[in-house]
Structure formats: C-alpha cells, structure tokens
>>> print(open('target-v7.txt').read())   # compact mmCIF, C-alpha atoms
# COMPACT_ATOMS: atom_id res chain seq x y z
CA ALA A 1 -87.49 -220.49 -70.18
CA GLN A 2 -85.95 -217.46 -71.79
CA SER A 3 -82.79 -216.54 -69.92
CA VAL A 4 -82.24 -213.17 -71.50
CA THR A 5 -84.76 -210.78 -72.99
CA GLN A 6 -84.26 -207.76 -75.19
CA PRO A 7 -87.69 -206.14 -75.31
CA ASP A 8 -86.91 -203.76 -78.17
CA ILE A 9 -86.60 -205.38 -81.58
CA HIS A 10 -85.76 -202.17 -83.36
CA ILE A 11 -84.81 -198.67 -82.21
CA THR A 12 -84.27 -195.53 -84.24
CA VAL A 13 -82.36 -192.56 -82.85
CA SER A 14 -81.00 -189.35 -84.28
CA GLU A 15 -77.27 -188.88 -84.54
CA GLY A 16 -76.02 -187.15 -81.40
CA ALA A 17 -78.93 -188.32 -79.29
CA SER A 18 -78.54 -190.57 -76.29
CA LEU A 19 -79.21 -194.29 -76.48
CA GLU A 20 -80.38 -196.94 -74.07
CA LEU A 21 -80.89 -200.57 -75.06
CA ARG A 22 -82.65 -202.78 -72.59
CA CYS A 23 -81.68 -206.24 -71.42
CA ASN A 24 -83.28 -208.35 -68.72
CA TYR A 25 -82.22 -211.76 -67.53
CA SER A 26 -83.96 -214.46 -65.56
CA TYR A 27 -81.71 -216.44 -63.25
CA GLY A 28 -81.53 -217.02 -59.53
CA ALA A 29 -77.96 -215.93 -59.13
CA THR A 30 -76.04 -213.20 -60.90
CA PRO A 31 -74.71 -214.47 -64.19
CA TYR A 32 -71.86 -213.03 -66.14
CA LEU A 33 -73.31 -210.45 -68.52
CA PHE A 34 -72.16 -209.26 -71.91
CA TRP A 35 -73.07 -206.92 -74.71
CA TYR A 36 -72.02 -207.69 -78.26
CA VAL A 37 -72.40 -205.64 -81.44
CA GLN A 38 -72.79 -207.03 -84.94
CA SER A 39 -72.27 -204.76 -87.91
CA PRO A 40 -73.83 -205.85 -91.22
CA GLY A 41 -72.03 -208.82 -92.67
CA GLN A 42 -69.72 -209.12 -89.70
CA GLY A 43 -69.31 -211.38 -86.71
CA LEU A 44 -70.12 -210.37 -83.17
CA GLN A 45 -67.74 -208.08 -81.32
CA LEU A 46 -67.66 -207.75 -77.55
CA LEU A 47 -68.55 -204.26 -76.32
CA LEU A 48 -68.31 -204.86 -72.59
CA LYS A 49 -68.83 -207.40 -69.85
CA TYR A 50 -69.80 -207.57 -66.19
CA PHE A 51 -68.50 -210.19 -63.81
CA SER A 52 -68.62 -208.51 -60.42
CA GLY A 53 -67.72 -205.32 -58.59
CA ASP A 54 -68.64 -201.88 -59.86
CA THR A 55 -72.08 -202.11 -61.42
CA LEU A 56 -71.31 -199.46 -64.05
CA VAL A 57 -69.14 -200.98 -66.71
CA GLN A 58 -67.29 -199.08 -69.41
CA GLY A 59 -66.78 -200.61 -72.80
CA ILE A 60 -65.37 -199.82 -76.18
CA LYS A 61 -66.69 -197.21 -78.60
CA GLY A 62 -68.02 -195.04 -75.76
CA PHE A 63 -70.58 -197.54 -74.54
CA GLU A 64 -71.39 -198.30 -70.93
CA ALA A 65 -73.80 -200.62 -69.17
CA GLU A 66 -75.25 -200.70 -65.70
CA PHE A 67 -76.06 -203.85 -63.81
CA LYS A 68 -79.10 -203.54 -61.56
CA ARG A 69 -79.63 -206.63 -59.47
CA SER A 70 -83.03 -205.51 -58.19
CA GLN A 71 -84.33 -205.24 -61.73
CA SER A 72 -82.35 -208.15 -63.22
CA SER A 73 -81.25 -205.74 -65.90
CA PHE A 74 -78.09 -204.87 -67.75
CA ASN A 75 -78.98 -201.94 -69.99
CA LEU A 76 -76.55 -200.56 -72.54
CA ARG A 77 -76.14 -196.80 -72.88
CA LYS A 78 -74.29 -194.27 -74.96
CA PRO A 79 -74.58 -190.51 -74.36
CA SER A 80 -74.21 -189.48 -78.01
CA VAL A 81 -74.81 -191.86 -80.89
CA HIS A 82 -72.75 -191.76 -84.07
CA TRP A 83 -73.95 -192.93 -87.48
CA SER A 84 -71.39 -195.74 -87.33
CA ASP A 85 -73.19 -197.20 -84.31
CA ALA A 86 -75.97 -198.49 -86.56
CA ALA A 87 -75.84 -202.25 -86.02
CA GLU A 88 -77.45 -205.16 -84.24
CA TYR A 89 -76.83 -205.36 -80.50
CA PHE A 90 -76.99 -208.56 -78.52
CA CYS A 91 -77.13 -209.02 -74.79
CA ALA A 92 -75.78 -212.33 -73.52
CA VAL A 93 -75.58 -214.15 -70.22
CA ASP A 94 -73.27 -216.89 -69.06
CA LEU A 95 -75.32 -218.81 -66.52
CA ARG A 96 -72.59 -221.07 -65.31
CA ASN A 97 -70.01 -218.31 -65.18
CA THR A 98 -67.69 -220.67 -67.00
CA GLY A 99 -67.86 -219.42 -70.54
CA ASN A 100 -69.74 -222.54 -71.56
CA GLN A 101 -73.38 -221.70 -70.99
CA PHE A 102 -74.06 -218.64 -73.09
CA TYR A 103 -77.52 -217.47 -73.97
CA PHE A 104 -78.01 -214.62 -76.39
CA GLY A 105 -80.96 -212.32 -76.55
CA THR A 106 -82.85 -211.88 -79.80
CA GLY A 107 -81.03 -208.67 -80.53
CA THR A 108 -81.97 -205.02 -80.99
CA SER A 109 -81.47 -203.42 -84.36
CA LEU A 110 -80.33 -199.81 -84.14
CA THR A 111 -80.92 -197.31 -86.92
CA VAL A 112 -79.26 -193.91 -86.72
CA ILE A 113 -80.79 -191.07 -88.70
CA PRO A 114 -78.92 -187.86 -89.59
CA ASP B 1 -53.41 -213.26 -82.94
CA ALA B 2 -55.47 -213.42 -86.09
CA GLY B 3 -58.67 -214.14 -84.22
CA VAL B 4 -61.11 -216.91 -85.02
CA ILE B 5 -60.77 -217.95 -88.64
CA GLN B 6 -63.61 -219.45 -90.63
CA SER B 7 -63.69 -220.81 -94.14
CA PRO B 8 -65.21 -220.47 -96.56
CA ARG B 9 -66.76 -217.04 -96.06
CA HIS B 10 -69.48 -217.81 -98.58
CA GLU B 11 -70.80 -221.12 -99.80
CA VAL B 12 -73.47 -221.72 -102.41
CA THR B 13 -74.50 -225.29 -103.01
CA GLU B 14 -77.38 -227.33 -104.31
CA MET B 15 -79.81 -229.27 -102.22
CA GLY B 16 -78.54 -232.73 -101.39
CA GLN B 17 -74.87 -231.81 -101.51
CA GLU B 18 -72.49 -232.18 -98.60
CA VAL B 19 -71.26 -228.96 -97.02
CA THR B 20 -68.26 -228.65 -94.71
CA LEU B 21 -67.59 -225.49 -92.73
CA ARG B 22 -64.23 -224.99 -91.06
CA CYS B 23 -63.05 -223.12 -88.02
CA LYS B 24 -59.71 -222.35 -86.44
CA PRO B 25 -60.11 -221.03 -82.89
CA ILE B 26 -57.82 -218.56 -81.20
CA SER B 27 -54.65 -220.26 -80.08
CA GLY B 28 -54.83 -221.28 -76.42
CA HIS B 29 -58.60 -221.20 -76.18
CA ASN B 30 -60.10 -224.40 -74.85
CA SER B 31 -63.76 -223.98 -75.76
CA LEU B 32 -65.27 -223.79 -79.22
CA PHE B 33 -68.83 -223.03 -80.22
CA TRP B 34 -70.83 -223.33 -83.43
CA TYR B 35 -73.80 -221.01 -83.91
CA ARG B 36 -76.36 -220.55 -86.64
CA GLN B 37 -77.99 -217.19 -87.32
CA THR B 38 -81.17 -216.67 -89.32
CA MET B 39 -83.70 -213.88 -89.48
CA MET B 40 -86.44 -216.16 -88.20
CA ARG B 41 -84.64 -217.84 -85.29
CA GLY B 42 -81.88 -215.40 -84.42
CA LEU B 43 -78.62 -216.74 -83.01
CA GLU B 44 -78.77 -220.42 -82.04
CA LEU B 45 -76.07 -222.44 -80.34
CA LEU B 46 -75.62 -225.70 -82.23
CA ILE B 47 -72.83 -227.39 -80.31
CA TYR B 48 -69.86 -226.59 -78.15
CA PHE B 49 -66.60 -228.35 -77.39
CA ASN B 50 -64.42 -228.13 -74.33
CA ASN B 51 -60.86 -229.39 -74.69
CA ASN B 52 -61.84 -230.93 -78.05
CA VAL B 53 -64.68 -232.96 -76.52
CA PRO B 54 -68.30 -232.27 -77.51
CA ILE B 55 -70.09 -231.18 -74.35
CA ASP B 56 -73.54 -230.16 -75.51
CA ASP B 57 -74.92 -230.91 -78.96
CA SER B 58 -78.57 -230.45 -78.04
CA GLY B 59 -78.82 -227.56 -80.45
CA MET B 60 -77.87 -229.60 -83.49
CA PRO B 61 -81.05 -229.61 -85.57
CA GLU B 62 -80.96 -233.17 -86.81
CA ASP B 63 -78.77 -236.06 -87.83
CA ARG B 64 -77.81 -234.33 -91.05
CA PHE B 65 -75.59 -232.08 -88.95
CA SER B 66 -72.34 -233.28 -87.43
CA ALA B 67 -69.37 -231.52 -85.87
CA LYS B 68 -65.87 -232.65 -85.06
CA MET B 69 -62.87 -231.20 -83.33
CA PRO B 70 -59.92 -233.47 -84.06
CA ASN B 71 -57.44 -231.17 -82.34
CA ALA B 72 -57.27 -227.91 -80.43
CA SER B 73 -56.79 -225.80 -83.53
CA PHE B 74 -59.43 -227.08 -85.91
CA SER B 75 -63.12 -227.88 -86.04
CA THR B 76 -65.60 -228.74 -88.77
CA LEU B 77 -69.35 -228.54 -89.08
CA LYS B 78 -70.76 -230.80 -91.74
CA ILE B 79 -74.22 -230.90 -93.26
CA GLN B 80 -75.07 -233.97 -95.30
CA PRO B 81 -77.34 -233.80 -97.20
CA SER B 82 -77.96 -230.08 -97.25
CA GLU B 83 -81.44 -228.58 -97.60
CA PRO B 84 -82.62 -225.07 -98.50
CA ARG B 85 -83.75 -224.50 -94.90
CA ASP B 86 -80.13 -224.84 -93.82
CA SER B 87 -79.37 -221.52 -95.48
CA ALA B 88 -78.01 -219.25 -92.77
CA VAL B 89 -74.86 -217.63 -91.45
CA TYR B 90 -72.83 -220.06 -89.38
CA PHE B 91 -70.52 -218.61 -86.75
CA CYS B 92 -67.69 -220.22 -84.88
CA ALA B 93 -66.59 -218.75 -81.56
CA SER B 94 -63.94 -219.65 -79.03
CA SER B 95 -63.26 -218.78 -75.43
CA GLY B 96 -60.32 -219.25 -73.13
CA LEU B 97 -59.68 -220.38 -69.63
CA ALA B 98 -61.74 -219.40 -66.61
CA GLY B 99 -61.55 -215.69 -66.02
CA TYR B 100 -61.67 -214.94 -69.71
CA ASN B 101 -65.23 -215.96 -70.34
CA GLU B 102 -66.14 -213.87 -73.32
CA GLN B 103 -66.56 -215.60 -76.61
CA PHE B 104 -64.64 -214.38 -79.61
CA PHE B 105 -66.50 -214.76 -82.87
CA GLY B 106 -65.28 -215.48 -86.34
CA PRO B 107 -66.58 -213.57 -89.36
CA GLY B 108 -69.07 -216.31 -90.21
CA THR B 109 -69.82 -218.46 -93.23
CA ARG B 110 -72.85 -217.46 -95.25
CA LEU B 111 -74.40 -220.67 -96.58
CA THR B 112 -76.96 -220.68 -99.36
CA VAL B 113 -78.56 -223.97 -100.34
CA LEU B 114 -80.45 -223.78 -103.61
>>> encode(input="target-v7.txt", output="structure tokens")
Amino acid sequence: AQSVTQPDIHITVSEGASLELRCNYSYGATPYLFWYVQSPGQGLQLLLKYFSGDTLVQGIKGFEAEFKRSQSSFNLRKPSVHWSDAAEYFCAVDLRNTGNQFYFGTGTSLTVIP
Amino acid sequence: DAGVIQSPRHEVTEMGQEVTLRCKPISGHNSLFWYRQTMMRGLELLIYFNNNVPIDDSGMPEDRFSAKMPNASFSTLKIQPSEPRDSAVYFCASSGLAGYNEQFFGPGTRLTVL
C-alpha cells in the first residue's frame, strides 16, 4: 500500500505566484512528515519537517507546510515563487518515527515561468 | 561537517563489469541508507543499516547487488555483474539518533552501464 501520495506529477507556476504542492499519507497514526527538494543534478535537501505541536511548520527558502490530521495531508506552500524554486519536490513519511522507515512520494516537478 | 560524501560522482562502465559505489556518512550518525533513483521508478530504498548492521535489504533488486558497512564511517554498494538496467543515480543518506530523524543525502553517484 502506498504510504505517501503526491497527486501532482508536474506543476507550472508564474514567478511571483503562490504555490501549493499536495501530499497525502495513509497510516493509522501520525507519522513524522518531511518535505525535500531536489535541484537538477543534486541530492535531496530537507525543506522542513513535522513531528508534533504546531501544525503550521516553517522551513527554509520561505516554504511552509500545514499538517491536517483530518485530511491526512501535509501540503507545502510558498506565497511567492522565485525562478530558483524550479526543482523536484518530495514528500516523505517516517512511519516508525525512528528515522528508519522512510517512504518517499513520487515527487512533483515544479516549473517556474517568467 | 562536510555532509554525506559519495564517490565517484559519475561512473561509466560496460555491461558485466563490477561497480563499487562508496559512501561516508555524517560523523555521529548511526543509520545509513542506499537509494536508487530512476525516471521510471522514482526514489527506491535499497537497503539501510543501523549501527553498521543491515536491517532491511528487501529493496535490493537481486543477488547482483550487495552492500557492506564495515565501520561507522564507510559503506559500499557493489553491483556484480552490472547490467544496462542498473543505470541510475544512487544516493546515500544518513540520519542520527532519535530526535533527529531527517535523512541527510549525499550528492549521488550517476551510474551509466553501457
């Protein structure tokens, strides 16, 4: 069973526009949740993570994500996209909350147009 | 810290040859992961180690693949014999003790098997 789903394979936004990337997970309890970004030819870099507490999480590069338990979602947002944000974005869950049971989504490719 | 170090960054080899990929995790981290990334299958977990011991190798595609972690600062992923379908980017990641669950990724090794 797929533990984490990113429904959007590819998204195109204009520079300066707002962005929301969707992520849904399937698990009985609340896993640890992560968003990673991968620029072309690079490894994955952590943007932000949610363990517990405040459901709105701030990350690097102006990104934020909101955990919604009722919707089993952890969507990534940015109010104003920059051309340098063009990359592949991966949502990930850690089901055992130990760092040892990671599942990555299939990724969402973001294109930013001038 | 220099982060997760992988070598080589690029490897081109001929079918049937042995390939060895190397990884040095972040000092102090006790878990190490090997991933493979392709366009068709996305990011796949091949194997992970905890305290140098292989915990889950269910993602290793077949017997041609093997991984070792002789000590806390070094791991190898070997493919013998290599096949064209093994062409992919191979990532190593490490994570630390409980409470620091995010995985830190290396830059990857791009493997091309001709």
>>> closest_atom_pairs(input="target-v7.txt", of="chain A", to="chain B", cutoff="6 Å", atoms="only C-alpha atoms", output="tab-separated table")
residue	atom	partner	partner_atom	distance
A:Gln42	CA	B:Pro107	CA	5.5
A:Gly43	CA	B:Pro107	CA	4.4
A:Leu44	CA	B:Phe105	CA	5.7
A:Gly99	CA	B:Asn101	CA	4.4
A:Thr106	CA	B:Gly42	CA	5.9
>>> closest_residue(input="target-v7.txt", among="A:Val93, A:Ile11, A:Val37, A:Leu21", to="A:Arg77", atoms="all atoms listed in the file")
A:Leu21
>>> closest_residue(input="target-v7.txt", among="B:Pro61, B:Ser73, B:Arg36, B:Pro54", to="B:Gly3", atoms="all atoms listed in the file")
B:Ser73
>>> residues_around(input="target-v7.txt", residues="A:Gln38", least_positions_apart="6", cutoff="9 Å", atoms="only C-alpha atoms", output="list of chain:residue names")
A:Leu44, A:Gln45, A:Ala87, A:Glu88, A:Tyr89, A:Phe90
>>> residues_near_point(input="target-v7.txt", point="(-76.5, -190.4, -76.5)", cutoff="7 Å", atoms="all atoms listed in the file", output="PyMOL selection string")
chain A and resi 16-19+78-81
>>> atom_distance(input="target-v7.txt", atom1="atom CA of A:Ala92", atom2="atom CA of A:Leu110")
17.0 Å
>>> build_atoms(input="target-v7.txt", residues="stretch 63-74 of chain A", atoms="all heavy atoms", output="mmCIF file, in the frame of the given file")
data_model
loop_
_atom_site.group_PDB
_atom_site.id
_atom_site.type_symbol
_atom_site.label_atom_id
_atom_site.label_comp_id
_atom_site.auth_asym_id
_atom_site.auth_seq_id
_atom_site.Cartn_x
_atom_site.Cartn_y
_atom_site.Cartn_z
ATOM 1 N N PHE A 63 -69.425 -196.900 -75.155
ATOM 2 C CA PHE A 63 -70.580 -197.540 -74.540
ATOM 3 C C PHE A 63 -70.334 -197.845 -73.070
ATOM 4 O O PHE A 63 -69.207 -198.071 -72.649
ATOM 5 C CB PHE A 63 -70.931 -198.845 -75.267
ATOM 6 C CG PHE A 63 -71.603 -198.644 -76.593
ATOM 7 C CD1 PHE A 63 -70.871 -198.559 -77.755
ATOM 8 C CD2 PHE A 63 -72.990 -198.536 -76.673
ATOM 9 C CE1 PHE A 63 -71.483 -198.354 -78.981
ATOM 10 C CE2 PHE A 63 -73.615 -198.347 -77.887
ATOM 11 C CZ PHE A 63 -72.866 -198.255 -79.049
ATOM 12 N N GLU A 64 -71.420 -197.877 -72.320
ATOM 13 C CA GLU A 64 -71.390 -198.300 -70.930
ATOM 14 C C GLU A 64 -72.652 -199.084 -70.626
ATOM 15 O O GLU A 64 -73.644 -199.008 -71.377
ATOM 16 C CB GLU A 64 -71.279 -197.115 -69.971
ATOM 17 C CG GLU A 64 -72.483 -196.198 -69.976
ATOM 18 C CD GLU A 64 -72.338 -195.057 -68.970
ATOM 19 O OE1 GLU A 64 -71.198 -194.673 -68.639
ATOM 20 O OE2 GLU A 64 -73.392 -194.561 -68.522
ATOM 21 N N ALA A 65 -72.618 -199.865 -69.578
ATOM 22 C CA ALA A 65 -73.800 -200.620 -69.170
ATOM 23 C C ALA A 65 -73.851 -200.645 -67.654
ATOM 24 O O ALA A 65 -72.823 -200.637 -66.978
ATOM 25 C CB ALA A 65 -73.769 -202.036 -69.735
ATOM 26 N N GLU A 66 -75.055 -200.682 -67.141
ATOM 27 C CA GLU A 66 -75.250 -200.700 -65.700
ATOM 28 C C GLU A 66 -75.996 -201.947 -65.277
ATOM 29 O O GLU A 66 -77.095 -202.226 -65.781
ATOM 30 C CB GLU A 66 -76.004 -199.459 -65.221
ATOM 31 C CG GLU A 66 -76.107 -199.380 -63.693
ATOM 32 C CD GLU A 66 -76.680 -198.069 -63.216
ATOM 33 O OE1 GLU A 66 -77.216 -197.292 -64.041
ATOM 34 O OE2 GLU A 66 -76.592 -197.805 -61.996
ATOM 35 N N PHE A 67 -75.419 -202.678 -64.373
ATOM 36 C CA PHE A 67 -76.060 -203.850 -63.810
ATOM 37 C C PHE A 67 -76.917 -203.440 -62.631
ATOM 38 O O PHE A 67 -76.435 -202.790 -61.703
ATOM 39 C CB PHE A 67 -74.998 -204.867 -63.358
ATOM 40 C CG PHE A 67 -75.525 -205.988 -62.515
ATOM 41 C CD1 PHE A 67 -76.471 -206.869 -63.039
ATOM 42 C CD2 PHE A 67 -75.110 -206.173 -61.204
ATOM 43 C CE1 PHE A 67 -76.966 -207.907 -62.273
ATOM 44 C CE2 PHE A 67 -75.605 -207.210 -60.428
ATOM 45 C CZ PHE A 67 -76.543 -208.077 -60.967
ATOM 46 N N LYS A 68 -78.183 -203.816 -62.671
ATOM 47 C CA LYS A 68 -79.100 -203.540 -61.560
ATOM 48 C C LYS A 68 -79.702 -204.860 -61.099
ATOM 49 O O LYS A 68 -80.604 -205.410 -61.737
ATOM 50 C CB LYS A 68 -80.198 -202.564 -61.990
ATOM 51 C CG LYS A 68 -79.682 -201.161 -62.297
ATOM 52 C CD LYS A 68 -80.819 -200.193 -62.575
ATOM 53 C CE LYS A 68 -80.297 -198.778 -62.818
ATOM 54 N NZ LYS A 68 -81.402 -197.816 -63.112
ATOM 55 N N ARG A 69 -79.200 -205.317 -59.981
ATOM 56 C CA ARG A 69 -79.630 -206.630 -59.470
ATOM 57 C C ARG A 69 -81.117 -206.640 -59.159
ATOM 58 O O ARG A 69 -81.811 -207.611 -59.455
ATOM 59 C CB ARG A 69 -78.851 -206.971 -58.197
ATOM 60 C CG ARG A 69 -79.125 -208.353 -57.635
ATOM 61 C CD ARG A 69 -78.460 -208.523 -56.271
ATOM 62 N NE ARG A 69 -77.030 -208.196 -56.333
ATOM 63 C CZ ARG A 69 -76.105 -209.063 -56.685
ATOM 64 N NH1 ARG A 69 -76.435 -210.304 -56.989
ATOM 65 N NH2 ARG A 69 -74.834 -208.688 -56.699
ATOM 66 N N SER A 70 -81.627 -205.558 -58.593
ATOM 67 C CA SER A 70 -83.030 -205.510 -58.190
ATOM 68 C C SER A 70 -83.968 -205.617 -59.376
ATOM 69 O O SER A 70 -85.114 -206.065 -59.236
ATOM 70 C CB SER A 70 -83.313 -204.223 -57.415
ATOM 71 O OG SER A 70 -83.064 -203.097 -58.236
ATOM 72 N N GLN A 71 -83.504 -205.194 -60.528
ATOM 73 C CA GLN A 71 -84.330 -205.240 -61.730
ATOM 74 C C GLN A 71 -83.904 -206.336 -62.692
ATOM 75 O O GLN A 71 -84.505 -206.473 -63.762
ATOM 76 C CB GLN A 71 -84.264 -203.877 -62.448
ATOM 77 C CG GLN A 71 -84.772 -202.719 -61.602
ATOM 78 C CD GLN A 71 -84.624 -201.373 -62.298
ATOM 79 O OE1 GLN A 71 -84.445 -201.301 -63.509
ATOM 80 N NE2 GLN A 71 -84.682 -200.296 -61.531
ATOM 81 N N SER A 72 -82.890 -207.109 -62.320
ATOM 82 C CA SER A 72 -82.350 -208.150 -63.220
ATOM 83 C C SER A 72 -82.100 -207.569 -64.609
ATOM 84 O O SER A 72 -82.497 -208.152 -65.631
ATOM 85 C CB SER A 72 -83.307 -209.339 -63.305
ATOM 86 O OG SER A 72 -83.446 -209.967 -62.050
ATOM 87 N N SER A 73 -81.458 -206.414 -64.613
ATOM 88 C CA SER A 73 -81.250 -205.740 -65.900
ATOM 89 C C SER A 73 -79.784 -205.410 -66.111
ATOM 90 O O SER A 73 -78.996 -205.311 -65.159
ATOM 91 C CB SER A 73 -82.093 -204.465 -65.975
ATOM 92 O OG SER A 73 -81.599 -203.489 -65.066
ATOM 93 N N PHE A 74 -79.463 -205.237 -67.363
ATOM 94 C CA PHE A 74 -78.090 -204.870 -67.750
ATOM 95 C C PHE A 74 -78.228 -204.038 -69.021
ATOM 96 O O PHE A 74 -77.937 -204.477 -70.126
ATOM 97 C CB PHE A 74 -77.264 -206.130 -67.991
ATOM 98 C CG PHE A 74 -75.784 -205.870 -68.201
ATOM 99 C CD1 PHE A 74 -75.026 -205.187 -67.267
ATOM 100 C CD2 PHE A 74 -75.141 -206.351 -69.345
ATOM 101 C CE1 PHE A 74 -73.671 -204.967 -67.452
ATOM 102 C CE2 PHE A 74 -73.786 -206.141 -69.546
ATOM 103 C CZ PHE A 74 -73.052 -205.451 -68.602
#
